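Student: First, the structure itself, so that you have it in front of you.
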Amino acid sequence: MSAAPVVLLNARAVARTISRMADEILERNDGHERLMLVGIQRRGVQIAERLADVIKEREGADVPRGALDITLYRDDLQTVGPRPVVGQTHLPGALEGKVVVIVDDVLFTGRTIRAALDELADFGRPARIMLAVLIDRGGRELPIHADVIGQKVTVPPGGRVDVFVPSLDHRDEVVMVGGAT
Amino acid sequence: MSLLGKDLIGLAGLSREQITTILDVAEPLREISERTIKKVPTLRGMTVVNLFFEPSTRTRISFEFAEKRMSADTVNVAASASSISKGETLVDTARNLEAMRIDMVVVRHGSSGAARFLAERIKSNVINAGDGTHEHPTQGLLDLLTLRQRFGSLEGRRVCIVGDVLHSRVARSNIWGLKALGADVAVCGPRSLLPNAIDEMGVTVFNRVEAAIEWAEALNVLRLQLERMQAGYIPSLREYNRVFGVTSARLKAAPRELLILHPGPMNRGVEIDSDVADGPHSVILDQVTNGVAIRMAVLYLLAGNKAALADVAKGGAA
C-alpha cells in the first residue's frame with residue numbers, strides 16, 4: 001500500500017502530451033472552427049486552457065472555452081452528503097452547432113463525465129460532444145469512454161493518480177501514489 | 001462531517017467558517033438563475049414543505065424558487081388555509097406532514113423559538129424562515145453575501161442597522177452574522193425601539209441617524225412596522241421620517257458613499273426615501289437576487305443530513 005510515488009509524466013512530458021492531444025482534437029474535427037473546450041472544475045479547466053494555447057499556436061485562433069462544475073449533478077448526495085465546495089459553471093455561448101470537447105484531468109469511474117453530460121444537456125444541444133482526458137486510469141463504472149487520451153495507466157488497487165498543474169499546485173507533473181507497482 | 005448539522009435555526013452560534021462556506025457555496029449558484037433552463041437536479045426526489053404561520057411574500061417566493069431550481073418537490077402550507085386555523089398545534093401539523101414522508105420544513109412562525117422547538121421534535125431538516133423577534137437567518141446570510149460582494153471582505157467594515165431593532169429578527173441575525181465575519185456593527189433608532197440589553201450584543205449605539213451616517217460604510221435600513229405606531233413606540237410616521245428617515249439630504253452630508261440595504265417590504269417616505277431606495281448606492285435588488293442563491297445553498301448543505309448523523313456531528317463540532 002505504501003509504495004513510493006511514481007512520476008508518470010514530468011513537466012516536459014505533460015507539455016508534449018497536451019500538444020499531441022490538441023493535434024488530435026484538430027485532426028478529428030478538421031480544424032478549430034466548430035470547437036468549444038469545456039473543462040471540468042478544477043484541473044480540467046487548467047488543462048483546457050493549455051489545449052487552447054496549443055490550438056492557438058497551430059491555427060492562430062482562439063477557441064471558445066468554458067468551465068463546468070458538476071457538484072450539483074453528482075449521484076452521491078444521499079450517500080456521501082453535500083460537498084462544501086461548489087465551483088463556477090460558465091459556458092462562453094450557445095452550444096448549438098458546436099463540437100464540445102469536455103476536458104478533464106483523470107478519467108476513472110466515468111461518473112463525473114455522466115454528470116457533465118447531464119449538465120451540458122441543460123444548456124443546449126451541441127452537434128457533438130467529445131471527451132479528452134490527460135490520464136485514463138481505467139476502472140469504469142459506466143459505459144463511458146474518452147475520444148482523446150493523453151496517457152493510459154493501470155493503477156493497482158488502492159492506488160491514486162494525482163495531476164498537479166502550475167496555476168493551482170505550483171508543480172507540473174502527474175504522479176501515481178499508493179498501491180503496489 | 002456535515003457542515004451545518006440537521007437544521008438552520010439562526011446565525012447565533014455559527015462559526016466564521018460555517019457562514020463563509022454558505023456564502024462561498026451561494027456565490028456560484030447565482031449563475032443557475034441566469035440559465036435558460038433555471039434548474040439543477042441536485043434535490044430531485046426530496047420534498048420540502050413551506051410552513052408559513054405568518055404572511056410572507058418575498059421570503060416564501062424566494063424559498064420556493066430556490067427549492068424548484070434545485071429540483072425539490074414543494075408544498076406550501078399557509079396557516080389561514082389549513083387545519084392550523086382549526087387549532088392544530090405546530091408539532092401535530094409537522095408530524096402529520098412528516099407521516100407523508102417529507103424531507104425538509106421551511107417554517108415561519110410568530111413565536112420566537114418556534115423553529116428550534118420544531119427542529120427538536122421532527123426528523124426532517126428545519127430551516128427557520130423567521131420566528132417571532134428571534135432570527136431570520138437566511139435574510140442575514142443574503143445581507144452578508146450582498147455586503148461581501150461589494151466590500152470583498154467584511155473584516156473591519158462598519159455596518160449600521162437603522163430602525164426598529166427591538167422587534168427585528170433581521171437585525172438579530174445580521175448582528176450575529178456580521179460580528180462572526182469581523183465587521184464593526186452599530187444600531188440606530190429611537191430608544192423605544194432598541195432592546196434594553198443592546199449593549200450586551202457588542203454593538204455601538206447611535207441615537208441620531210446623522211451620527212450613524214457619518215460613521216458607517218453601509219446602512220441596513222429596517223422596515224418600520226406600521227402597527228408600532230398604534231402601540232405607542234413612535235409618535236407618528238412623519239415624525240419618524242423627520243428624525244430617523246434615511247434621506248438623500250442626510251446621505252449627501254456623509255463623508256463617503258454608503259451602501260444602502262433594506263430587507264423589504266419598504267415603506268417609502270417613512271424609514272427610507274424613494275430616491276435613496278432607487279439610487280445608485282442601493283443594493284436592495286441585489287439582496288433579492290442573492291436571497292434565492294443563499295436559500296439554494298442552505299437547502300443543498302442541509303440535504304442528506306439525517307437526524308441521527310446530525311447529533312453526532314453536533315457533538316463532534318462542539
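Residues in the C-alpha cells are named by chain (A, B, ... in the order shown) and by number from 1 within that chain; ligands are numbered from 1 in the order shown.
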Kindly assemble as JSON lines a list of the chain A residues that lie within 10 Å of chain B, each paired with its nearest atom pair and their distance in Å to one decimal, using only C-alpha atoms, sorted first by chain and then by ascending residue number.
Tutor:
{"residue": "A:Asp69", "atom": "CA", "partner": "B:Pro28", "partner_atom": "CA", "distance": 9.2}
{"residue": "A:Ile70", "atom": "CA", "partner": "B:Val40", "partner_atom": "CA", "distance": 9.9}
{"residue": "A:Thr71", "atom": "CA", "partner": "B:Thr42", "partner_atom": "CA", "distance": 8.5}
{"residue": "A:Leu72", "atom": "CA", "partner": "B:Thr42", "partner_atom": "CA", "distance": 5.0}
{"residue": "A:Tyr73", "atom": "CA", "partner": "B:Thr42", "partner_atom": "CA", "distance": 5.8}
{"residue": "A:Arg74", "atom": "CA", "partner": "B:Thr42", "partner_atom": "CA", "distance": 7.4}
{"residue": "A:Asp75", "atom": "CA", "partner": "B:Thr42", "partner_atom": "CA", "distance": 8.4}
{"residue": "A:Asp76", "atom": "CA", "partner": "B:Thr42", "partner_atom": "CA", "distance": 9.8}
{"residue": "A:Leu77", "atom": "CA", "partner": "B:Gly304", "partner_atom": "CA", "distance": 6.6}
{"residue": "A:Gln78", "atom": "CA", "partner": "B:Gly304", "partner_atom": "CA", "distance": 5.3}
{"residue": "A:Thr79", "atom": "CA", "partner": "B:Gly304", "partner_atom": "CA", "distance": 7.7}
{"residue": "A:Val80", "atom": "CA", "partner": "B:Gly304", "partner_atom": "CA", "distance": 8.3}
{"residue": "A:Gly81", "atom": "CA", "partner": "B:Gly304", "partner_atom": "CA", "distance": 5.5}
{"residue": "A:Pro82", "atom": "CA", "partner": "B:Leu301", "partner_atom": "CA", "distance": 5.5}
{"residue": "A:Arg83", "atom": "CA", "partner": "B:Leu301", "partner_atom": "CA", "distance": 7.6}
{"residue": "A:Pro84", "atom": "CA", "partner": "B:Thr21", "partner_atom": "CA", "distance": 6.6}
{"residue": "A:Val85", "atom": "CA", "partner": "B:Val25", "partner_atom": "CA", "distance": 6.3}
{"residue": "A:Val86", "atom": "CA", "partner": "B:Val25", "partner_atom": "CA", "distance": 5.5}
{"residue": "A:Gly87", "atom": "CA", "partner": "B:Pro28", "partner_atom": "CA", "distance": 6.1}
{"residue": "A:Gln88", "atom": "CA", "partner": "B:Pro28", "partner_atom": "CA", "distance": 4.9}
{"residue": "A:Thr89", "atom": "CA", "partner": "B:Pro28", "partner_atom": "CA", "distance": 7.2}
{"residue": "A:His90", "atom": "CA", "partner": "B:Glu31", "partner_atom": "CA", "distance": 8.0}
{"residue": "A:Asp118", "atom": "CA", "partner": "B:Pro41", "partner_atom": "CA", "distance": 9.2}
{"residue": "A:Glu119", "atom": "CA", "partner": "B:Val40", "partner_atom": "CA", "distance": 7.8}
{"residue": "A:Ala121", "atom": "CA", "partner": "B:Ile37", "partner_atom": "CA", "distance": 9.8}
{"residue": "A:Asp122", "atom": "CA", "partner": "B:Ile37", "partner_atom": "CA", "distance": 6.2}
{"residue": "A:Phe123", "atom": "CA", "partner": "B:Ile37", "partner_atom": "CA", "distance": 7.0}
{"residue": "A:Gly124", "atom": "CA", "partner": "B:Thr36", "partner_atom": "CA", "distance": 9.0}
Student: Might you pull out every residue within 6 Å of range 71-80 of chain B, with only C-alpha atoms counted and same-chain residues fewer than 3 positions away left off, and present them as a PDB file with C-alpha atoms, in the first residue's frame?
Tutor:
ATOM      1  CA  PRO B  41     -31.184  18.129 -10.417  1.00  0.00           C
ATOM      2  CA  LEU B  43     -32.526  17.765  -4.744  1.00  0.00           C
ATOM      3  CA  ARG B  44     -34.526  15.551  -7.114  1.00  0.00           C
ATOM      4  CA  MET B  46     -36.777  15.478  -1.977  1.00  0.00           C
ATOM      5  CA  THR B  47     -39.956  17.027  -0.648  1.00  0.00           C
ATOM      6  CA  VAL B  48     -39.856  20.409   1.039  1.00  0.00           C
ATOM      7  CA  VAL B  49     -42.807  21.888   2.919  1.00  0.00           C
ATOM      8  CA  ASN B  50     -43.024  25.644   3.294  1.00  0.00           C
ATOM      9  CA  LEU B  51     -44.971  26.010   6.530  1.00  0.00           C
ATOM     10  CA  PHE B  52     -45.913  29.652   6.953  1.00  0.00           C
ATOM     11  CA  PHE B  53     -47.843  30.718  10.024  1.00  0.00           C
ATOM     12  CA  GLU B  67     -36.406  24.741  -3.967  1.00  0.00           C
ATOM     13  CA  LYS B  68     -37.675  24.465  -7.530  1.00  0.00           C
ATOM     14  CA  ILE B  84     -53.909  25.289  11.900  1.00  0.00           C
ATOM     15  CA  SER B  85     -56.885  27.615  11.875  1.00  0.00           C
TER      16      SER B  85
END
Student: Give me the residues near range 160-165 of chain A as a list in words, where near means some atom within 7 Å (using only C-alpha atoms) and where sequence neighbours in that chain fewer than 2 positions away do not count.
Tutor: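 Residues near the query, excluding close chain neighbours: Asp105, Val155, Gly158, Ser167, Leu168, Asp169, His170, Arg171, Asp172, Glu173, Val174, Val175, Met176, Val177 and Gly178 of chain A.
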Student: Using only C-alpha atoms for the distances, tell me which of A:Ile135, A:Arg28, A:Glu57, A:Leu37 is nearest to Pro92 in chain A.
Tutor: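 Closest to Pro92 in chain A, using only C-alpha atoms: A:Leu37.
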Student: Please provide as a PyMOL selection string all residues within 6 Å of range 166-182 of chain B, with the sequence filter that same-chain residues fewer than 4 positions apart are discarded (counting only C-alpha atoms).
Tutor: chain B and resi 11-12+16+133-137+140+155-156+193-195
Student: So that I can check the surroundings of Ala13 in chain A, please list as a PyMOL selection string every protein, DNA and RNA residue that reaches within 12 Å of it, counting only C-alpha atoms and ignoring chain neighbours fewer than 2 positions away.
Tutor: chain A and resi 7-11+15-20+134+150-151+172-174
Student: Using DSSP on the backbone coordinates, identify all residues within range 15-67 of chain A classified as helix (DSSP H, G or I); present the result as a ChimeraX atom specification.
Tutor: /A:15-29,43-59
Student: For CA of Ile40 in chain A and CA of Leu144 in chain B, determine how far apart the two atoms are, in Å to one decimal place.
Tutor: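 Going from CA of Ile40 in chain A over to CA of Leu144 in chain B covers 29.1 Å.
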Student: How would you write, as a PyMOL selection string, the set of residues in chain A that DSSP gives as strand (DSSP E or B)?
Tutor: chain A and resi 6-9+35-40+65-68+90+96+99-107+126+128-136+148-152+160-164+173-177
Student: Write a file of the just-selected residues containing C-alpha atoms, as a compact mmCIF listing (two decimals), in the first residue's frame.
Tutor:
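Here's the written file selection.txt:
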# COMPACT_ATOMS: atom_id res chain seq x y z
CA VAL A 6 5.84 7.24 -9.22
CA VAL A 7 6.12 10.17 -11.62
CA LEU A 8 4.08 9.19 -14.68
CA LEU A 9 4.65 12.44 -16.58
CA LEU A 35 -14.77 23.65 -31.35
CA MET A 36 -15.63 24.67 -27.82
CA LEU A 37 -13.40 23.43 -24.99
CA VAL A 38 -15.17 22.89 -21.68
CA GLY A 39 -13.00 22.00 -18.68
CA ILE A 40 -14.36 20.27 -15.61
CA ARG A 65 -13.56 27.99 -23.55
CA GLY A 66 -15.91 27.20 -20.70
CA ALA A 67 -15.92 25.61 -17.28
CA LEU A 68 -18.33 23.09 -15.79
CA HIS A 90 -19.55 29.20 -17.22
CA GLU A 96 -25.99 24.57 -30.90
CA VAL A 99 -18.39 20.35 -31.12
CA VAL A 100 -18.00 20.50 -27.37
CA VAL A 101 -14.84 18.89 -26.05
CA ILE A 102 -15.17 18.03 -22.37
CA VAL A 103 -11.72 18.17 -20.81
CA ASP A 104 -10.76 16.52 -17.52
CA ASP A 105 -7.54 15.54 -15.81
CA VAL A 106 -8.24 11.91 -14.88
CA LEU A 107 -10.90 9.55 -16.20
CA PRO A 126 -24.31 20.58 -29.33
CA ARG A 128 -21.33 16.56 -30.97
CA ILE A 129 -19.71 16.03 -27.57
CA MET A 130 -16.19 14.60 -27.29
CA LEU A 131 -14.16 13.71 -24.24
CA ALA A 132 -10.45 14.48 -23.83
CA VAL A 133 -8.57 13.38 -20.71
CA LEU A 134 -4.94 13.68 -19.73
CA ILE A 135 -4.94 10.33 -17.91
CA ASP A 136 -7.20 7.32 -18.40
CA VAL A 148 -8.66 11.72 -26.90
CA ILE A 149 -6.37 10.27 -24.25
CA GLY A 150 -3.04 11.67 -23.05
CA GLN A 151 -1.84 8.52 -21.39
CA LYS A 152 -3.40 5.24 -20.29
CA ARG A 160 -4.43 7.02 -6.99
CA VAL A 161 -3.32 9.33 -9.81
CA ASP A 162 -2.68 12.97 -8.92
CA VAL A 163 -2.39 15.63 -11.61
CA PHE A 164 -0.57 18.76 -10.48
CA GLU A 173 3.55 16.70 -13.20
CA VAL A 174 1.42 13.59 -12.97
CA VAL A 175 2.10 11.21 -10.09
CA MET A 176 0.79 7.78 -9.14
CA VAL A 177 0.54 7.26 -5.38
Student: One decimal, Å: what's the distance from CA of Leu4 in chain B over to CA of Pro265 in chain B, could you say?
Tutor: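 Interatomic distance here is 29.2 Å.
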Student: Determine, counting only C-alpha atoms, which protein, DNA and RNA residues have an atom within 8 Å of an atom of Ala52 in chain A; residues of the same chain fewer than 4 positions away are not included. Present the result as number ranges by chain.
Tutor: A: 22, 37, 48, 56, 62-63, 65
Student: With C-alpha atoms retained, export the selected residues as a PDB file, in the first residue's frame.
Tutor:
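As a result, out-v6.pdb now contains:
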ATOM      1  CA  ALA A  22      -4.535  19.291 -29.192  1.00  0.00           C
ATOM      2  CA  LEU A  37     -13.401  23.434 -24.992  1.00  0.00           C
ATOM      3  CA  ALA A  48      -8.437  23.033 -21.336  1.00  0.00           C
ATOM      4  CA  LYS A  56      -3.863  28.983 -30.937  1.00  0.00           C
ATOM      5  CA  ASP A  62      -8.882  31.492 -30.023  1.00  0.00           C
ATOM      6  CA  VAL A  63     -11.176  28.586 -29.311  1.00  0.00           C
ATOM      7  CA  ARG A  65     -13.560  27.987 -23.552  1.00  0.00           C
TER       8      ARG A  65
END
Student: So, counting only C-alpha atoms, which residue among A:Gln46, A:Thr112, A:Asn29, A:Thr154 is closest to Pro166 in chain A?
Tutor: A:Gln46
Student: Can you work out which one of B:Met229, B:Ile122, B:Ala211, B:Leu23 has the shortest atom-to-atom distance to Asn96 in chain B, counting only C-alpha atoms?
Tutor: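 Checking each candidate against Asn96 in chain B, we get B:Ile122 as the closest.
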Student: Could you name the residues that touch Ser248 in chain B at 10 Å or less, counting only C-alpha atoms, but leaving out those on the same chain fewer than 3 positions away, as a PyMOL selection string?
Tutor: chain B and resi 245+251-254+272-277+279
Student: CA of Val106 in chain B to CA of Val126 in chain B: how many Å, to one decimal?
Tutor: 5.9 Å
